[in-house]
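Visitor: Could you have a look at this structure, given as structure tokens, before my questions?
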Amino acid sequence: MAFGNIHWKGPVGRRMVAFTFDDGPHPVHTPRLLEILDASSAKATFFMTGTNAAAHRELVRDVAARGHEIGCHSFDHCRTRTLLALPERQLREIRETNEIVEAITGKPVTLYRPPYGLVSPLLLPVCLKLSLKIVLWNINSYDFRREPCSIIVARVLKRLADGAILLFHDCHYSDATIDYSTTASVIERLLAQCSSAKLESVTVSRLLERRGVCP
Ligand SMILES: [Zn+2]
């Protein structure tokens, strides 16, 4: 499902879903997620901030080398600038973040997820100019509430369906000491459920490919 350049769900009919992880990479939680994804042959999308990508370049390389996608999640997750910065400033910060990632992976960044999912009218021309799709989600795990694994899994399973874009975190945008290890356990259980339901976990770009299916 899309509105212009904004996507919050993929097409139905291909039995695909997209797991997404925001705010990282994180030196502990991201590698754990990569192990879990590999064990299920699942692909995912990591929306990284410029500051965390620059601080953990080896992780950026590893995420891409394993076949996952990397999208931009702003330079430093500033709420005020996400809403109010002039387009020139937003363009400069997004471009700077993408250049950090692209220099490491050698692959172009084509997706942008604004911090907090805030899409201001100022952002739209910026993303058009940089040829970036804006990617939101239709299932929020609320994993940042740090509830028990079973509660998060149950919340997601209520809505898990063909075409879903799911929001998780592998890091807290400003506090790397916050523990996101529960998210790894949640993903392990959800991937098992996806396998039973014959839902393939793919990158966002793969989910959004148009191949003769219903919108
Ligand atoms: Zn975020």
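In the structure tokens, chains take letters A, B, ... by order of appearance, with residues numbered from 1 within each chain and ligands from 1 in the order shown.
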Just the residues within 9 Å of Arg189 (chain A), please, counting only C-alpha atoms, with nothing from its chain fewer than 5 positions along; format it as a list of chain:residue names.
Guide: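 Contacts, with the query itself left out: A:Val153, A:Ala184, A:Cys194.
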Visitor: Leaving out region 56-60 of chain A and any residue of its chain fewer than 6 positions from it, which residues lie within 8 Å of it when counting only C-alpha atoms, given as a ChimeraX atom specification?
Guide: /A:25-27,30-31,101,104-105
Visitor: Could you save those same residues with N, CA and C atoms as a compact mmCIF listing (two decimals), in the first residue's frame?
Guide:
```txt
# COMPACT_ATOMS: atom_id res chain seq x y z
N PRO A 25 23.40 0.65 13.52
CA PRO A 25 23.65 -0.67 14.13
C PRO A 25 24.19 -0.56 15.56
N HIS A 26 24.05 -1.68 16.28
CA HIS A 26 24.49 -1.76 17.67
C HIS A 26 25.47 -2.93 17.79
N PRO A 27 26.59 -2.73 18.51
CA PRO A 27 27.63 -3.76 18.52
C PRO A 27 27.24 -5.10 19.13
N THR A 30 22.84 -6.03 16.99
CA THR A 30 22.80 -6.26 15.54
C THR A 30 23.45 -7.61 15.17
N PRO A 31 24.64 -7.94 15.67
CA PRO A 31 25.20 -9.26 15.33
C PRO A 31 24.29 -10.42 15.75
N VAL A 101 27.11 5.16 4.34
CA VAL A 101 26.72 3.77 4.09
C VAL A 101 27.24 3.30 2.72
N ILE A 104 30.83 2.35 2.41
CA ILE A 104 31.19 1.07 3.06
C ILE A 104 30.68 -0.12 2.24
N THR A 105 29.44 -0.01 1.77
CA THR A 105 28.82 -1.18 1.12
C THR A 105 28.99 -1.19 -0.40
```
Visitor: Select from region 107-194 of chain A everything DSSP, run on the backbone, classes as alpha helix (DSSP H), then give the selection as an NGL selection string.
Guide: :A and (123-129 or 149-159 or 181-194)
Visitor: Please produce a file of those selected residues containing C-alpha atoms, as a PDB file, in the first residue's frame.
Guide:
```pdb
ATOM      1  CA  LEU A 123      10.601  16.032   3.453  1.00  0.00           C
ATOM      2  CA  LEU A 124       8.758  14.973   0.302  1.00  0.00           C
ATOM      3  CA  PRO A 125      10.738  17.018  -2.246  1.00  0.00           C
ATOM      4  CA  VAL A 126      13.979  16.036  -0.522  1.00  0.00           C
ATOM      5  CA  CYS A 127      13.254  12.326  -0.950  1.00  0.00           C
ATOM      6  CA  LEU A 128      12.116  12.855  -4.529  1.00  0.00           C
ATOM      7  CA  LYS A 129      15.344  14.663  -5.315  1.00  0.00           C
ATOM      8  CA  CYS A 149       8.925 -11.406  24.697  1.00  0.00           C
ATOM      9  CA  SER A 150       5.563 -13.231  24.739  1.00  0.00           C
ATOM     10  CA  ILE A 151       3.604  -9.964  24.878  1.00  0.00           C
ATOM     11  CA  ILE A 152       5.450  -8.468  21.909  1.00  0.00           C
ATOM     12  CA  VAL A 153       5.125 -11.691  19.905  1.00  0.00           C
ATOM     13  CA  ALA A 154       1.375 -11.894  20.603  1.00  0.00           C
ATOM     14  CA  ARG A 155       0.881  -8.254  19.576  1.00  0.00           C
ATOM     15  CA  VAL A 156       2.629  -8.795  16.258  1.00  0.00           C
ATOM     16  CA  LEU A 157       0.997 -12.153  15.518  1.00  0.00           C
ATOM     17  CA  LYS A 158      -2.475 -10.602  15.814  1.00  0.00           C
ATOM     18  CA  ARG A 159      -1.727  -8.592  12.673  1.00  0.00           C
ATOM     19  CA  SER A 181      18.041  -8.361  23.576  1.00  0.00           C
ATOM     20  CA  THR A 182      14.316  -9.177  23.893  1.00  0.00           C
ATOM     21  CA  THR A 183      13.853  -8.160  20.277  1.00  0.00           C
ATOM     22  CA  ALA A 184      16.202 -10.965  19.185  1.00  0.00           C
ATOM     23  CA  SER A 185      14.076 -13.559  21.006  1.00  0.00           C
ATOM     24  CA  VAL A 186      10.939 -12.013  19.513  1.00  0.00           C
ATOM     25  CA  ILE A 187      12.372 -12.264  15.999  1.00  0.00           C
ATOM     26  CA  GLU A 188      13.402 -15.893  16.526  1.00  0.00           C
ATOM     27  CA  ARG A 189       9.821 -16.800  17.459  1.00  0.00           C
ATOM     28  CA  LEU A 190       8.228 -14.715  14.725  1.00  0.00           C
ATOM     29  CA  LEU A 191      10.446 -16.185  12.023  1.00  0.00           C
ATOM     30  CA  ALA A 192       9.353 -19.665  13.126  1.00  0.00           C
ATOM     31  CA  GLN A 193       5.723 -18.521  12.806  1.00  0.00           C
ATOM     32  CA  CYS A 194       6.416 -17.046   9.375  1.00  0.00           C
TER      33      CYS A 194
END
```
Visitor: Give as an MDAnalysis selection string the residues surrounding ligand 1 up to a distance of 6 Å, considering only C-alpha atoms and all ligand atoms.
Guide: chainID A and resid 22:23 115:116 173
Visitor: Print the selection's residues with C-alpha atoms to a file, as a compact mmCIF listing (two decimals), in the first residue's frame.
Guide:
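The resulting result_11.txt:
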```txt
# COMPACT_ATOMS: atom_id res chain seq x y z
CA ASP A 22 15.66 1.00 13.28
CA ASP A 23 18.28 3.16 14.97
CA PRO A 115 12.61 9.33 12.76
CA TYR A 116 9.33 8.65 14.64
CA TYR A 173 18.64 6.13 19.01
```
Visitor: Would you kindly return, as a compact mmCIF listing (two decimals) with N, CA and C atoms, in the first residue's frame, each protein, DNA or RNA residue with an atom no farther than 8 Å from any atom of region 108-113 of chain A, considering only C-alpha atoms and excluding same-chain residues fewer than 5 positions away?
Guide:
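What follows is the written file out32.txt:
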```
# COMPACT_ATOMS: atom_id res chain seq x y z
N PHE A 47 17.35 0.21 9.10
CA PHE A 47 17.34 1.66 8.89
C PHE A 47 18.30 2.28 9.91
N ILE A 70 20.08 -1.85 3.61
CA ILE A 70 20.29 -0.76 4.56
C ILE A 70 19.59 0.49 4.04
N GLY A 71 18.73 1.05 4.88
CA GLY A 71 18.05 2.29 4.55
C GLY A 71 18.54 3.39 5.47
N CYS A 72 18.21 4.62 5.12
CA CYS A 72 18.62 5.79 5.91
C CYS A 72 17.56 6.11 6.97
N HIS A 73 18.03 6.42 8.17
CA HIS A 73 17.11 6.79 9.26
C HIS A 73 17.55 8.12 9.87
N SER A 74 17.92 9.04 9.00
CA SER A 74 18.41 10.38 9.36
C SER A 74 19.86 10.31 9.83
N ASN A 98 23.74 8.75 3.71
CA ASN A 98 23.80 7.77 2.62
C ASN A 98 25.22 7.59 2.11
N VAL A 101 27.11 5.16 4.34
CA VAL A 101 26.72 3.77 4.09
C VAL A 101 27.24 3.30 2.72
N GLU A 102 27.05 4.13 1.73
CA GLU A 102 27.42 3.72 0.36
C GLU A 102 28.93 3.54 0.23
N CYS A 127 13.16 13.75 -0.59
CA CYS A 127 13.25 12.33 -0.95
C CYS A 127 13.09 12.13 -2.46
N SER A 131 15.82 10.42 -4.90
CA SER A 131 15.25 9.15 -5.39
C SER A 131 15.11 8.12 -4.26
N LEU A 132 14.59 8.60 -3.13
CA LEU A 132 14.40 7.72 -1.98
C LEU A 132 12.91 7.43 -1.78
N LYS A 133 12.57 6.16 -1.61
CA LYS A 133 11.21 5.82 -1.19
C LYS A 133 11.12 6.06 0.32
N ILE A 134 10.00 6.62 0.76
CA ILE A 134 9.77 6.79 2.20
C ILE A 134 9.05 5.53 2.70
N VAL A 135 9.66 4.88 3.69
CA VAL A 135 9.11 3.60 4.16
C VAL A 135 8.68 3.73 5.61
N LEU A 136 7.39 3.54 5.87
CA LEU A 136 6.87 3.50 7.23
C LEU A 136 6.62 2.03 7.59
```
Visitor: Excluding same-chain residues fewer than 3 positions from Asp179 (chain A), what lies within 9 Å of it counting only C-alpha atoms, as a VMD selection string?
Guide: chain A and resid 29 146 171 to 172 176 182
Visitor: Please list as a PyMOL selection string every residue within 10 Å of Thr82 (chain A), counting only C-alpha atoms and excluding residues in the same chain fewer than 5 positions away.
Guide: chain A and resi 74-77+87+89-90+114-120+122-123
Visitor: I'd like a table as a Markdown table: residues in region 89-171 of chain A with an atom no more than 8 Å from region 195-209 of chain A, each row giving the shortest atom pair and its distance in Å to one decimal, only C-alpha atoms counted, sorted by chain and rising residue number.
Guide:
```
| residue | atom | partner | partner_atom | distance |
| --- | --- | --- | --- | --- |
| A:Asp162 | CA | A:Leu199 | CA | 6.9 |
| A:Gly163 | CA | A:Leu207 | CA | 7.1 |
| A:Ile165 | CA | A:Val204 | CA | 7.6 |
```
Visitor: Atoms to include: C-alpha atoms. Write the selected residues as a PDB file, in the first residue's frame.
Guide:
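So selection_4.pdb came out as:
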```pdb
ATOM      1  CA  ASP A 162       1.022 -11.188   3.676  1.00  0.00           C
ATOM      2  CA  GLY A 163       2.636  -7.878   2.644  1.00  0.00           C
ATOM      3  CA  ILE A 165       6.160  -4.186   6.993  1.00  0.00           C
TER       4      ILE A 165
END
```
Visitor: So which residues of region 26-84 of chain A fall under strand (DSSP E) by DSSP, listed as a PyMOL selection string?
Guide: chain A and resi 45-48+69-72
Visitor: Give me a file of those residues, with C-alpha atoms, as a PDB file, in the first residue's frame.
Guide:
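Final output, out-v1.pdb:
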```
ATOM      1  CA  THR A  45      16.135  -4.141   6.279  1.00  0.00           C
ATOM      2  CA  PHE A  46      18.149  -2.056   8.736  1.00  0.00           C
ATOM      3  CA  PHE A  47      17.342   1.664   8.895  1.00  0.00           C
ATOM      4  CA  MET A  48      20.537   3.141  10.286  1.00  0.00           C
ATOM      5  CA  GLU A  69      19.201  -4.005   2.917  1.00  0.00           C
ATOM      6  CA  ILE A  70      20.294  -0.756   4.561  1.00  0.00           C
ATOM      7  CA  GLY A  71      18.054   2.291   4.550  1.00  0.00           C
ATOM      8  CA  CYS A  72      18.624   5.785   5.908  1.00  0.00           C
TER       9      CYS A  72
END
```
Visitor: Could you pull the residues within 9 Å of Leu34 (chain A), counting only C-alpha atoms, minus those fewer than 5 positions along the same chain, as a list in words?
Guide: His29, Ala39, Asp62, Val63 and Arg66 of chain A
Visitor: Nearest residue to Gly13 (chain A) out of A:Ala103, A:Ala161, A:Ser41, A:Ile178, using only C-alpha atoms?
Guide: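 Looking only at the distances to Gly13 (chain A), the closest residue turns out to be A:Ala161.
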Visitor: Rounded to one decimal, what separation in Å do you get between CA of Ala42 (chain A) and CA of Thr97 (chain A)?
Guide: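 Atom-to-atom, CA of Ala42 (chain A) and CA of Thr97 (chain A) are spaced 25.6 Å apart.
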Visitor: For a quick check of understanding, using only C-alpha atoms, which of A:Ile36, A:Arg81, A:Glu88, A:Leu160 has the smallest distance to Arg15 (chain A)?
Guide: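 Of A:Ile36, A:Arg81, A:Glu88, A:Leu160, the one nearest Arg15 (chain A), counting only C-alpha atoms, is A:Leu160.
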Visitor: Can you tell me which residues surround Gly106 (chain A) at a distance of at most 10 Å, considering only C-alpha atoms, apart from same-chain residues fewer than 5 positions away, and format the answer as a list of chain:residue names?
Guide: A:Arg61, A:Ala64, A:Glu99, A:Val101
Visitor: Selected residues, N, CA and C atoms, written as a PDB file, in the first residue's frame, please.
Guide:
```
ATOM      1  N   ARG A  61      29.121  -3.101   7.028  1.00  0.00           N
ATOM      2  CA  ARG A  61      29.645  -3.982   5.977  1.00  0.00           C
ATOM      3  C   ARG A  61      29.059  -5.385   6.125  1.00  0.00           C
ATOM      4  N   ALA A  64      25.301  -5.680   5.073  1.00  0.00           N
ATOM      5  CA  ALA A  64      25.139  -5.694   3.615  1.00  0.00           C
ATOM      6  C   ALA A  64      25.675  -6.985   3.005  1.00  0.00           C
ATOM      7  N   GLU A  99      25.972   8.678   2.097  1.00  0.00           N
ATOM      8  CA  GLU A  99      27.364   8.574   1.608  1.00  0.00           C
ATOM      9  C   GLU A  99      28.213   7.722   2.549  1.00  0.00           C
ATOM     10  N   VAL A 101      27.110   5.164   4.337  1.00  0.00           N
ATOM     11  CA  VAL A 101      26.723   3.768   4.089  1.00  0.00           C
ATOM     12  C   VAL A 101      27.235   3.298   2.721  1.00  0.00           C
TER      13      VAL A 101
END
```
Visitor: Which is closest to Leu167 (chain A) among A:Thr80, A:Ala44, A:Pro121, A:Met16, if we use only C-alpha atoms?
Guide: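 Closest candidate: A:Ala44.
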